[in-house]
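Asks: I am attaching a structure below and will ask some questions about it afterwards.
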Amino acid sequence: MSITIAVLGASGYVGSALCAHVLRSGILEPGDRLQLVGHGESSSYGRLLAVRADLLDAFDDLRVSISVTPRLEDIEADLVVLTAGVPMPPGCTDRRVMGRGNLPIFQNIASACGKHLPTATYLVVSNPVELAVQELSRTIDRKRIIGIGAEQDSLRFARSIARSLGISRHDVHASVWGEHGRHMIPMWHSVRLRGDDDKVFGRLSELEQRAQQQPLMERVASLQEASMLHLQNDDIASAYHLAEAALPDARIFIEPFVTASAIHSTPNATANAVLNIIRAWKEDDGRCVHAQVMLQGELRGISCPFGVPVSVGCKGWLLHPNADSHHVTKEDLDASILGIQASLADAATI
């Protein structure tokens with residue numbers, strides 16, 4: 001049976017790059033369809049037509065239908081990827097500041113999709129991801145709303161660990177829970193390595209022990225202050241060197257901070273995380289991915305959008321067995337929950 005994936009915000013930098021990654025990945029087969037969705041404005045429609053022409057020039061031999069849908073109300077898709085929203089302001093490193101600008105956009109999308117396409121699965125790329133998950137969950141079954149931020153953070157943590165160990169990320173599994181932002185929780189206990197090299201396992205143990213010697217947020221604050229001095233002098237290379245020397249759990253806070261000072265989005269890393277979740281959704285085989293989902297007490301009584309390990313499929317998400325919260329301190333959970341709640345409240349402030 002053919003499938004249709006719709007990309008909301010396909011005319012934007014992240015959305016158009018994602019479309020190219022989806023087509024190049026082979027996830028869509030001959031007879032499947034990719035919808036480029038606009039928001040009813042002529043300028044958006046014209047750009048979508050141009051994006052479509054470019055994609056056809058590159059990928060027409062794949063025999064995947066690529067169409068333009070000018071209005072939200074006309075979407076017909078099995079999977080909808082939300083990349084729409086206002087971009088990160090120049091020089092900003094905090095996704096939360098986009099909340100007020102994006103709230104009405106998310107509310108409009110939630111209203112239209114809730115009325116016209118309530119049975120699709122939704123992947124949320126737009127930030128703040130927790131805010132979008134919350135708003136879509138008001139009009140659509142919350143189990144069908146999947147924010148990709150936690151998958152991107154978890155891949156970042158796995159890469160950071162692999163880099164410190166001198167191995168490939170392919171050989172590392174790691175999880176990051178909580179907020180997609182300053183209150184994320186790198187889960188050392190979740191780290192799993194392929195192979196049987198005792199020296200590598202020993203180095204991993206040493207990394208974790210070193211990480212426990214000083215509270216994570218103290219290390220992050222110190223690194224951010226030091227990296228800011230380099231950035232103020234337009235010395236991005238030194239800021240990256242500083243991040244590279246940090247322990248893996250702190251590095252995943254600092255590298256995005258440095259990157260955001262130079263470019264406003266990370267379309268390739270974002271697309272990679274989205275593709276991981278699309279593959280899991282398509283195969284529906286119970287594999288573990290990570291997502292911001294709208295919890296309602298299933299895990300430690302948490303009742304807000306929160307990043308956790310999940311499995312995904314055509315009926316939405318389920319908590320994965322890896323979502324074992326016994327190793328998470330109440331302090332870390334509470335800090336992340338309070339950070340998310342504060343961000344949601346700030347977005348609603350007029």
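Residue numbering restarts at 1 in every chain; chains get A, B, ... in the order shown in the structure tokens, and ligands count up from 1 in that same order.
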Enumerate the residues of stretch 4-221 of chain A with a DSSP assignment of strand (DSSP E), computed from the backbone, and present them as a count of residues only.
Replies: 43
Asks: Could you name the residues that touch A:Val328 at 10 Å or less, counting only C-alpha atoms, but leaving out those on the same chain fewer than 6 positions away, as a PDB file with N, CA and C atoms, in the first residue's frame?
Replies:
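Written file, selection13.pdb:
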```pdb
ATOM      1  N   TRP A 177      16.689  12.544  27.930  1.00  0.00           N
ATOM      2  CA  TRP A 177      15.291  12.730  28.305  1.00  0.00           C
ATOM      3  C   TRP A 177      14.993  14.211  28.525  1.00  0.00           C
ATOM      4  N   ILE A 185      18.207  15.937  29.933  1.00  0.00           N
ATOM      5  CA  ILE A 185      18.844  15.059  30.913  1.00  0.00           C
ATOM      6  C   ILE A 185      19.615  13.954  30.180  1.00  0.00           C
ATOM      7  N   PRO A 186      20.933  14.079  30.034  1.00  0.00           N
ATOM      8  CA  PRO A 186      21.719  12.984  29.447  1.00  0.00           C
ATOM      9  C   PRO A 186      21.737  11.788  30.409  1.00  0.00           C
ATOM     10  N   MET A 187      21.391  10.622  29.903  1.00  0.00           N
ATOM     11  CA  MET A 187      21.207   9.442  30.746  1.00  0.00           C
ATOM     12  C   MET A 187      22.410   8.504  30.611  1.00  0.00           C
ATOM     13  N   TRP A 188      23.376   8.666  31.499  1.00  0.00           N
ATOM     14  CA  TRP A 188      24.562   7.818  31.432  1.00  0.00           C
ATOM     15  C   TRP A 188      24.211   6.344  31.569  1.00  0.00           C
ATOM     16  N   HIS A 189      23.217   6.035  32.393  1.00  0.00           N
ATOM     17  CA  HIS A 189      22.896   4.622  32.617  1.00  0.00           C
ATOM     18  C   HIS A 189      22.354   3.958  31.358  1.00  0.00           C
TER      19      HIS A 189
END
```
Asks: If I take atom CA of A:Ser190 and atom CA of A:Phe257, how far is one from the other in Å, to one decimal?
Replies: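 Between these atoms lies a distance of 24.1 Å.
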Asks: Work out how far atom CA of A:Gly181 is from atom CA of A:Leu333, in Å to one decimal.
Replies: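 Result for atom CA of A:Leu333 versus atom CA of A:Gly181: 13.9 Å, one decimal.
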Asks: Could you please write out, as a PyMOL selection string, every residue of stretch 190-307 of chain A that DSSP assigns to alpha helix (DSSP H)?
Replies: chain A and resi 198-211+216-232+236-245+248-262+267-283
Asks: In Å, with one decimal, what is the gap from atom CA of A:Arg63 to atom CA of A:Thr4?
Replies: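 Interatomic distance here is 13.3 Å.
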Asks: Quick one: residues within 7 Å of stretch 265-267 of chain A, only C-alpha atoms counted, chain neighbours fewer than 2 positions away excluded, as a ChimeraX atom specification?
Replies: /A:14,17-18,260,263,269-271
Asks: Next, the residues of the selection above should be written as a PDB file, in the first residue's frame with C-alpha atoms.
Replies:
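Generated output (again_14.pdb):
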```pdb
ATOM      1  CA  VAL A  14      14.752  23.123   7.198  1.00  0.00           C
ATOM      2  CA  ALA A  17      16.275  20.250   3.084  1.00  0.00           C
ATOM      3  CA  LEU A  18      14.204  17.591   4.849  1.00  0.00           C
ATOM      4  CA  ALA A 260      23.503  28.575  16.953  1.00  0.00           C
ATOM      5  CA  ILE A 263      23.880  29.344  11.779  1.00  0.00           C
ATOM      6  CA  ALA A 269      21.161  16.768  11.821  1.00  0.00           C
ATOM      7  CA  THR A 270      17.443  17.490  12.089  1.00  0.00           C
ATOM      8  CA  ALA A 271      16.678  15.498   8.951  1.00  0.00           C
TER       9      ALA A 271
END
```
Asks: What's around A:Leu123 at 12 Å? Count only C-alpha atoms, leave out sequence neighbours fewer than 6 positions away in its own chain, and write the answer as a PDB file with N, CA and C atoms, in the first residue's frame.
Replies:
```
ATOM      1  N   ILE A   5       3.623  11.233   2.698  1.00  0.00           N
ATOM      2  CA  ILE A   5       4.223  12.052   3.739  1.00  0.00           C
ATOM      3  C   ILE A   5       4.047  13.509   3.346  1.00  0.00           C
ATOM      4  N   ALA A   6       3.487  14.298   4.245  1.00  0.00           N
ATOM      5  CA  ALA A   6       3.314  15.731   4.012  1.00  0.00           C
ATOM      6  C   ALA A   6       4.300  16.503   4.874  1.00  0.00           C
ATOM      7  N   VAL A   7       4.891  17.549   4.303  1.00  0.00           N
ATOM      8  CA  VAL A   7       5.824  18.403   5.041  1.00  0.00           C
ATOM      9  C   VAL A   7       5.230  19.802   5.113  1.00  0.00           C
ATOM     10  N   LEU A   8       4.843  20.219   6.312  1.00  0.00           N
ATOM     11  CA  LEU A   8       4.356  21.572   6.545  1.00  0.00           C
ATOM     12  C   LEU A   8       5.548  22.486   6.778  1.00  0.00           C
ATOM     13  N   ASP A  78      -0.545  10.170   5.427  1.00  0.00           N
ATOM     14  CA  ASP A  78      -0.447   9.209   6.521  1.00  0.00           C
ATOM     15  C   ASP A  78       0.449   9.742   7.630  1.00  0.00           C
ATOM     16  N   LEU A  79       1.473  10.508   7.226  1.00  0.00           N
ATOM     17  CA  LEU A  79       2.443  11.075   8.161  1.00  0.00           C
ATOM     18  C   LEU A  79       2.649  12.542   7.807  1.00  0.00           C
ATOM     19  N   VAL A  80       2.527  13.398   8.803  1.00  0.00           N
ATOM     20  CA  VAL A  80       2.712  14.839   8.599  1.00  0.00           C
ATOM     21  C   VAL A  80       3.918  15.290   9.422  1.00  0.00           C
ATOM     22  N   VAL A  81       4.857  15.964   8.758  1.00  0.00           N
ATOM     23  CA  VAL A  81       6.042  16.487   9.438  1.00  0.00           C
ATOM     24  C   VAL A  81       5.906  18.004   9.536  1.00  0.00           C
ATOM     25  N   LEU A  82       5.903  18.517  10.758  1.00  0.00           N
ATOM     26  CA  LEU A  82       5.708  19.941  10.994  1.00  0.00           C
ATOM     27  C   LEU A  82       7.056  20.641  11.136  1.00  0.00           C
ATOM     28  N   THR A  83       7.401  21.462  10.124  1.00  0.00           N
ATOM     29  CA  THR A  83       8.624  22.272  10.190  1.00  0.00           C
ATOM     30  C   THR A  83       8.307  23.759  10.127  1.00  0.00           C
ATOM     31  N   ALA A  84       7.029  24.115  10.117  1.00  0.00           N
ATOM     32  CA  ALA A  84       6.621  25.516   9.972  1.00  0.00           C
ATOM     33  C   ALA A  84       6.866  26.295  11.256  1.00  0.00           C
ATOM     34  N   VAL A 129       9.611  22.589  20.622  1.00  0.00           N
ATOM     35  CA  VAL A 129       8.927  21.350  20.277  1.00  0.00           C
ATOM     36  C   VAL A 129       7.869  20.986  21.317  1.00  0.00           C
ATOM     37  N   GLU A 130       8.147  21.259  22.594  1.00  0.00           N
ATOM     38  CA  GLU A 130       7.170  20.936  23.643  1.00  0.00           C
ATOM     39  C   GLU A 130       5.875  21.726  23.457  1.00  0.00           C
ATOM     40  N   ALA A 132       4.638  22.899  20.571  1.00  0.00           N
ATOM     41  CA  ALA A 132       3.908  22.353  19.430  1.00  0.00           C
ATOM     42  C   ALA A 132       3.229  21.042  19.792  1.00  0.00           C
ATOM     43  N   VAL A 133       3.922  20.179  20.532  1.00  0.00           N
ATOM     44  CA  VAL A 133       3.318  18.911  20.962  1.00  0.00           C
ATOM     45  C   VAL A 133       2.083  19.174  21.821  1.00  0.00           C
ATOM     46  N   LEU A 136      -0.871  20.611  19.473  1.00  0.00           N
ATOM     47  CA  LEU A 136      -1.443  19.584  18.595  1.00  0.00           C
ATOM     48  C   LEU A 136      -2.218  18.546  19.394  1.00  0.00           C
ATOM     49  N   SER A 137      -1.759  18.277  20.609  1.00  0.00           N
ATOM     50  CA  SER A 137      -2.427  17.276  21.439  1.00  0.00           C
ATOM     51  C   SER A 137      -3.782  17.752  21.946  1.00  0.00           C
ATOM     52  N   ARG A 142      -3.194  12.473  21.431  1.00  0.00           N
ATOM     53  CA  ARG A 142      -1.815  12.757  21.854  1.00  0.00           C
ATOM     54  C   ARG A 142      -0.853  11.646  21.464  1.00  0.00           C
ATOM     55  N   LYS A 143      -1.352  10.421  21.324  1.00  0.00           N
ATOM     56  CA  LYS A 143      -0.477   9.301  20.971  1.00  0.00           C
ATOM     57  C   LYS A 143      -0.002   9.373  19.515  1.00  0.00           C
ATOM     58  N   ARG A 144      -0.568  10.315  18.759  1.00  0.00           N
ATOM     59  CA  ARG A 144      -0.170  10.493  17.362  1.00  0.00           C
ATOM     60  C   ARG A 144       0.768  11.686  17.161  1.00  0.00           C
ATOM     61  N   ILE A 145       1.150  12.330  18.265  1.00  0.00           N
ATOM     62  CA  ILE A 145       1.998  13.515  18.190  1.00  0.00           C
ATOM     63  C   ILE A 145       3.378  13.169  18.737  1.00  0.00           C
ATOM     64  N   ILE A 146       4.411  13.335  17.907  1.00  0.00           N
ATOM     65  CA  ILE A 146       5.766  12.878  18.236  1.00  0.00           C
ATOM     66  C   ILE A 146       6.758  13.994  17.941  1.00  0.00           C
ATOM     67  N   GLY A 147       7.356  14.551  18.981  1.00  0.00           N
ATOM     68  CA  GLY A 147       8.378  15.583  18.802  1.00  0.00           C
ATOM     69  C   GLY A 147       9.753  14.966  18.642  1.00  0.00           C
ATOM     70  N   ILE A 148      10.521  15.455  17.683  1.00  0.00           N
ATOM     71  CA  ILE A 148      11.782  14.773  17.333  1.00  0.00           C
ATOM     72  C   ILE A 148      13.000  15.276  18.098  1.00  0.00           C
ATOM     73  N   GLY A 149      12.824  16.283  18.967  1.00  0.00           N
ATOM     74  CA  GLY A 149      13.973  16.876  19.639  1.00  0.00           C
ATOM     75  C   GLY A 149      14.776  15.891  20.466  1.00  0.00           C
ATOM     76  N   ALA A 150      14.095  14.990  21.173  1.00  0.00           N
ATOM     77  CA  ALA A 150      14.797  14.036  22.030  1.00  0.00           C
ATOM     78  C   ALA A 150      15.633  13.054  21.215  1.00  0.00           C
ATOM     79  N   GLU A 151      15.164  12.719  20.005  1.00  0.00           N
ATOM     80  CA  GLU A 151      15.964  11.840  19.145  1.00  0.00           C
ATOM     81  C   GLU A 151      17.235  12.557  18.684  1.00  0.00           C
ATOM     82  N   THR A 270      18.884  17.600  11.872  1.00  0.00           N
ATOM     83  CA  THR A 270      17.443  17.490  12.089  1.00  0.00           C
ATOM     84  C   THR A 270      16.839  16.435  11.171  1.00  0.00           C
ATOM     85  N   ALA A 271      17.213  16.479   9.902  1.00  0.00           N
ATOM     86  CA  ALA A 271      16.678  15.498   8.951  1.00  0.00           C
ATOM     87  C   ALA A 271      17.062  14.074   9.337  1.00  0.00           C
ATOM     88  N   ALA A 273      17.526  12.855  12.349  1.00  0.00           N
ATOM     89  CA  ALA A 273      16.661  12.424  13.444  1.00  0.00           C
ATOM     90  C   ALA A 273      15.258  12.113  12.941  1.00  0.00           C
ATOM     91  N   VAL A 274      14.745  12.957  12.042  1.00  0.00           N
ATOM     92  CA  VAL A 274      13.409  12.708  11.469  1.00  0.00           C
ATOM     93  C   VAL A 274      13.387  11.386  10.717  1.00  0.00           C
ATOM     94  N   LEU A 275      14.413  11.119   9.931  1.00  0.00           N
ATOM     95  CA  LEU A 275      14.455   9.876   9.157  1.00  0.00           C
ATOM     96  C   LEU A 275      14.488   8.661  10.072  1.00  0.00           C
ATOM     97  N   ASN A 276      15.208   8.735  11.185  1.00  0.00           N
ATOM     98  CA  ASN A 276      15.206   7.627  12.146  1.00  0.00           C
ATOM     99  C   ASN A 276      13.788   7.308  12.607  1.00  0.00           C
ATOM    100  N   ILE A 277      13.026   8.355  12.909  1.00  0.00           N
ATOM    101  CA  ILE A 277      11.674   8.144  13.431  1.00  0.00           C
ATOM    102  C   ILE A 277      10.728   7.702  12.316  1.00  0.00           C
ATOM    103  N   ILE A 278      10.899   8.232  11.101  1.00  0.00           N
ATOM    104  CA  ILE A 278      10.053   7.776   9.989  1.00  0.00           C
ATOM    105  C   ILE A 278      10.288   6.296   9.722  1.00  0.00           C
ATOM    106  N   TRP A 281       8.525   4.371  12.363  1.00  0.00           N
ATOM    107  CA  TRP A 281       7.075   4.439  12.132  1.00  0.00           C
ATOM    108  C   TRP A 281       6.665   3.509  10.993  1.00  0.00           C
ATOM    109  N   HIS A 290      13.542   8.195  20.357  1.00  0.00           N
ATOM    110  CA  HIS A 290      13.304   9.127  21.461  1.00  0.00           C
ATOM    111  C   HIS A 290      12.440  10.271  20.965  1.00  0.00           C
ATOM    112  N   ALA A 291      11.525  10.721  21.793  1.00  0.00           N
ATOM    113  CA  ALA A 291      10.599  11.757  21.341  1.00  0.00           C
ATOM    114  C   ALA A 291      10.026  12.541  22.506  1.00  0.00           C
ATOM    115  N   GLN A 292       9.696  13.800  22.214  1.00  0.00           N
ATOM    116  CA  GLN A 292       8.856  14.564  23.135  1.00  0.00           C
ATOM    117  C   GLN A 292       7.410  14.144  22.880  1.00  0.00           C
ATOM    118  N   VAL A 293       6.779  13.623  23.891  1.00  0.00           N
ATOM    119  CA  VAL A 293       5.385  13.195  23.778  1.00  0.00           C
ATOM    120  C   VAL A 293       4.597  13.768  24.951  1.00  0.00           C
ATOM    121  N   VAL A 312       7.312   3.654  17.928  1.00  0.00           N
ATOM    122  CA  VAL A 312       6.295   4.348  17.139  1.00  0.00           C
ATOM    123  C   VAL A 312       5.825   3.457  16.005  1.00  0.00           C
ATOM    124  N   GLY A 313       4.580   3.687  15.587  1.00  0.00           N
ATOM    125  CA  GLY A 313       3.997   2.933  14.489  1.00  0.00           C
ATOM    126  C   GLY A 313       2.761   3.641  13.987  1.00  0.00           C
ATOM    127  N   GLY A 316       0.606   5.334  16.457  1.00  0.00           N
ATOM    128  CA  GLY A 316       1.182   6.353  17.322  1.00  0.00           C
ATOM    129  C   GLY A 316       2.342   5.829  18.144  1.00  0.00           C
ATOM    130  N   TRP A 317       2.535   6.404  19.344  1.00  0.00           N
ATOM    131  CA  TRP A 317       3.674   6.054  20.181  1.00  0.00           C
ATOM    132  C   TRP A 317       3.253   5.253  21.412  1.00  0.00           C
TER     133      TRP A 317
END
```
Asks: For each of A:Ala77, A:Val51, A:Leu131, A:Val64, take the minimum atom-to-atom distance to A:Pro305, counting only C-alpha atoms, then give the residue where this is smallest.
Replies: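 Once distances to A:Pro305 are computed over only C-alpha atoms, the minimum belongs to A:Leu131.
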Asks: Show me, as a ChimeraX atom specification, the residues that have an atom within 9 Å of A:Ser325 when counting only C-alpha atoms, minus same-chain residues fewer than 3 positions from it.
Replies: /A:299-300,322,328-329
Asks: Would you pick out the contacts of A:Ala50 at 12 Å or less, using only C-alpha atoms, so that residues sharing its chain but fewer than 2 positions from it are not included, and give the list as a VMD selection string?
Replies: chain A and resid 10 to 12 16 36 43 to 48 52 to 57 66 to 68
Asks: Between A:Glu283, A:Val200, A:Phe306, A:Gln107, single out the one closest to A:Ile27, counting only C-alpha atoms.
Replies: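 When distances to A:Ile27 are compared using only C-alpha atoms, the smallest one comes from A:Glu283.
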Asks: Can you list, as a PyMOL selection string, every protein, DNA or RNA residue that comes within 12 Å of A:Glu298 when you count only C-alpha atoms, leaving out same-chain residues fewer than 3 positions away?
Replies: chain A and resi 293-295+301-306+308+318-320+323-325
Asks: Write the residues you've just listed into a file as a PDB file, in the first residue's frame, and include N, CA and C atoms for each of them.
Replies:
```
ATOM      1  N   VAL A 293       6.779  13.623  23.891  1.00  0.00           N
ATOM      2  CA  VAL A 293       5.385  13.195  23.778  1.00  0.00           C
ATOM      3  C   VAL A 293       4.597  13.768  24.951  1.00  0.00           C
ATOM      4  N   MET A 294       3.292  13.839  24.773  1.00  0.00           N
ATOM      5  CA  MET A 294       2.424  14.394  25.809  1.00  0.00           C
ATOM      6  C   MET A 294       2.099  13.300  26.819  1.00  0.00           C
ATOM      7  N   LEU A 295       2.816  13.321  27.932  1.00  0.00           N
ATOM      8  CA  LEU A 295       2.571  12.339  28.983  1.00  0.00           C
ATOM      9  C   LEU A 295       1.390  12.774  29.839  1.00  0.00           C
ATOM     10  N   GLY A 301       4.388  10.066  37.126  1.00  0.00           N
ATOM     11  CA  GLY A 301       3.369  11.085  37.319  1.00  0.00           C
ATOM     12  C   GLY A 301       3.538  12.319  36.458  1.00  0.00           C
ATOM     13  N   ILE A 302       4.432  12.280  35.469  1.00  0.00           N
ATOM     14  CA  ILE A 302       4.682  13.448  34.624  1.00  0.00           C
ATOM     15  C   ILE A 302       3.467  13.718  33.744  1.00  0.00           C
ATOM     16  N   SER A 303       3.031  14.962  33.705  1.00  0.00           N
ATOM     17  CA  SER A 303       1.875  15.350  32.902  1.00  0.00           C
ATOM     18  C   SER A 303       2.195  16.608  32.110  1.00  0.00           C
ATOM     19  N   CYS A 304       3.101  16.466  31.153  1.00  0.00           N
ATOM     20  CA  CYS A 304       3.460  17.570  30.258  1.00  0.00           C
ATOM     21  C   CYS A 304       4.227  16.958  29.080  1.00  0.00           C
ATOM     22  N   PRO A 305       4.502  17.735  28.035  1.00  0.00           N
ATOM     23  CA  PRO A 305       5.351  17.204  26.960  1.00  0.00           C
ATOM     24  C   PRO A 305       6.747  16.933  27.507  1.00  0.00           C
ATOM     25  N   PHE A 306       7.270  15.736  27.236  1.00  0.00           N
ATOM     26  CA  PHE A 306       8.516  15.332  27.878  1.00  0.00           C
ATOM     27  C   PHE A 306       9.231  14.327  26.986  1.00  0.00           C
ATOM     28  N   VAL A 308      11.260  11.138  26.078  1.00  0.00           N
ATOM     29  CA  VAL A 308      11.444   9.794  26.636  1.00  0.00           C
ATOM     30  C   VAL A 308      11.683   8.792  25.506  1.00  0.00           C
ATOM     31  N   LEU A 318       4.208   4.470  21.897  1.00  0.00           N
ATOM     32  CA  LEU A 318       4.095   3.775  23.178  1.00  0.00           C
ATOM     33  C   LEU A 318       5.408   3.961  23.923  1.00  0.00           C
ATOM     34  N   LEU A 319       5.338   4.042  25.238  1.00  0.00           N
ATOM     35  CA  LEU A 319       6.576   4.073  26.007  1.00  0.00           C
ATOM     36  C   LEU A 319       7.370   2.800  25.735  1.00  0.00           C
ATOM     37  N   HIS A 320       8.660   2.957  25.486  1.00  0.00           N
ATOM     38  CA  HIS A 320       9.529   1.808  25.235  1.00  0.00           C
ATOM     39  C   HIS A 320      10.000   1.240  26.574  1.00  0.00           C
ATOM     40  N   ALA A 323      12.332   3.098  28.791  1.00  0.00           N
ATOM     41  CA  ALA A 323      11.885   4.250  29.591  1.00  0.00           C
ATOM     42  C   ALA A 323      11.795   3.852  31.062  1.00  0.00           C
ATOM     43  N   ASP A 324      12.921   3.418  31.584  1.00  0.00           N
ATOM     44  CA  ASP A 324      13.036   3.027  32.989  1.00  0.00           C
ATOM     45  C   ASP A 324      13.559   4.219  33.775  1.00  0.00           C
ATOM     46  N   SER A 325      12.702   4.782  34.602  1.00  0.00           N
ATOM     47  CA  SER A 325      13.047   6.036  35.273  1.00  0.00           C
ATOM     48  C   SER A 325      13.732   5.838  36.615  1.00  0.00           C
TER      49      SER A 325
END
```
Asks: Per residue of stretch 109-159 of chain A within 9 Å of stretch 98-105 of chain A, which atom pair is closest and at what distance in Å (one decimal), using only C-alpha atoms, listed by chain and increasing number, as JSON lines?
Replies:
```
{"residue": "A:Ile109", "atom": "CA", "partner": "A:Ile105", "partner_atom": "CA", "distance": 6.3}
{"residue": "A:Ala110", "atom": "CA", "partner": "A:Ile105", "partner_atom": "CA", "distance": 8.6}
{"residue": "A:Ser126", "atom": "CA", "partner": "A:Asn102", "partner_atom": "CA", "distance": 8.7}
{"residue": "A:Asn127", "atom": "CA", "partner": "A:Met98", "partner_atom": "CA", "distance": 6.9}
{"residue": "A:Pro128", "atom": "CA", "partner": "A:Gly99", "partner_atom": "CA", "distance": 5.9}
{"residue": "A:Leu131", "atom": "CA", "partner": "A:Gly99", "partner_atom": "CA", "distance": 7.1}
{"residue": "A:Ala132", "atom": "CA", "partner": "A:Leu103", "partner_atom": "CA", "distance": 7.6}
{"residue": "A:Glu135", "atom": "CA", "partner": "A:Leu103", "partner_atom": "CA", "distance": 8.1}
```
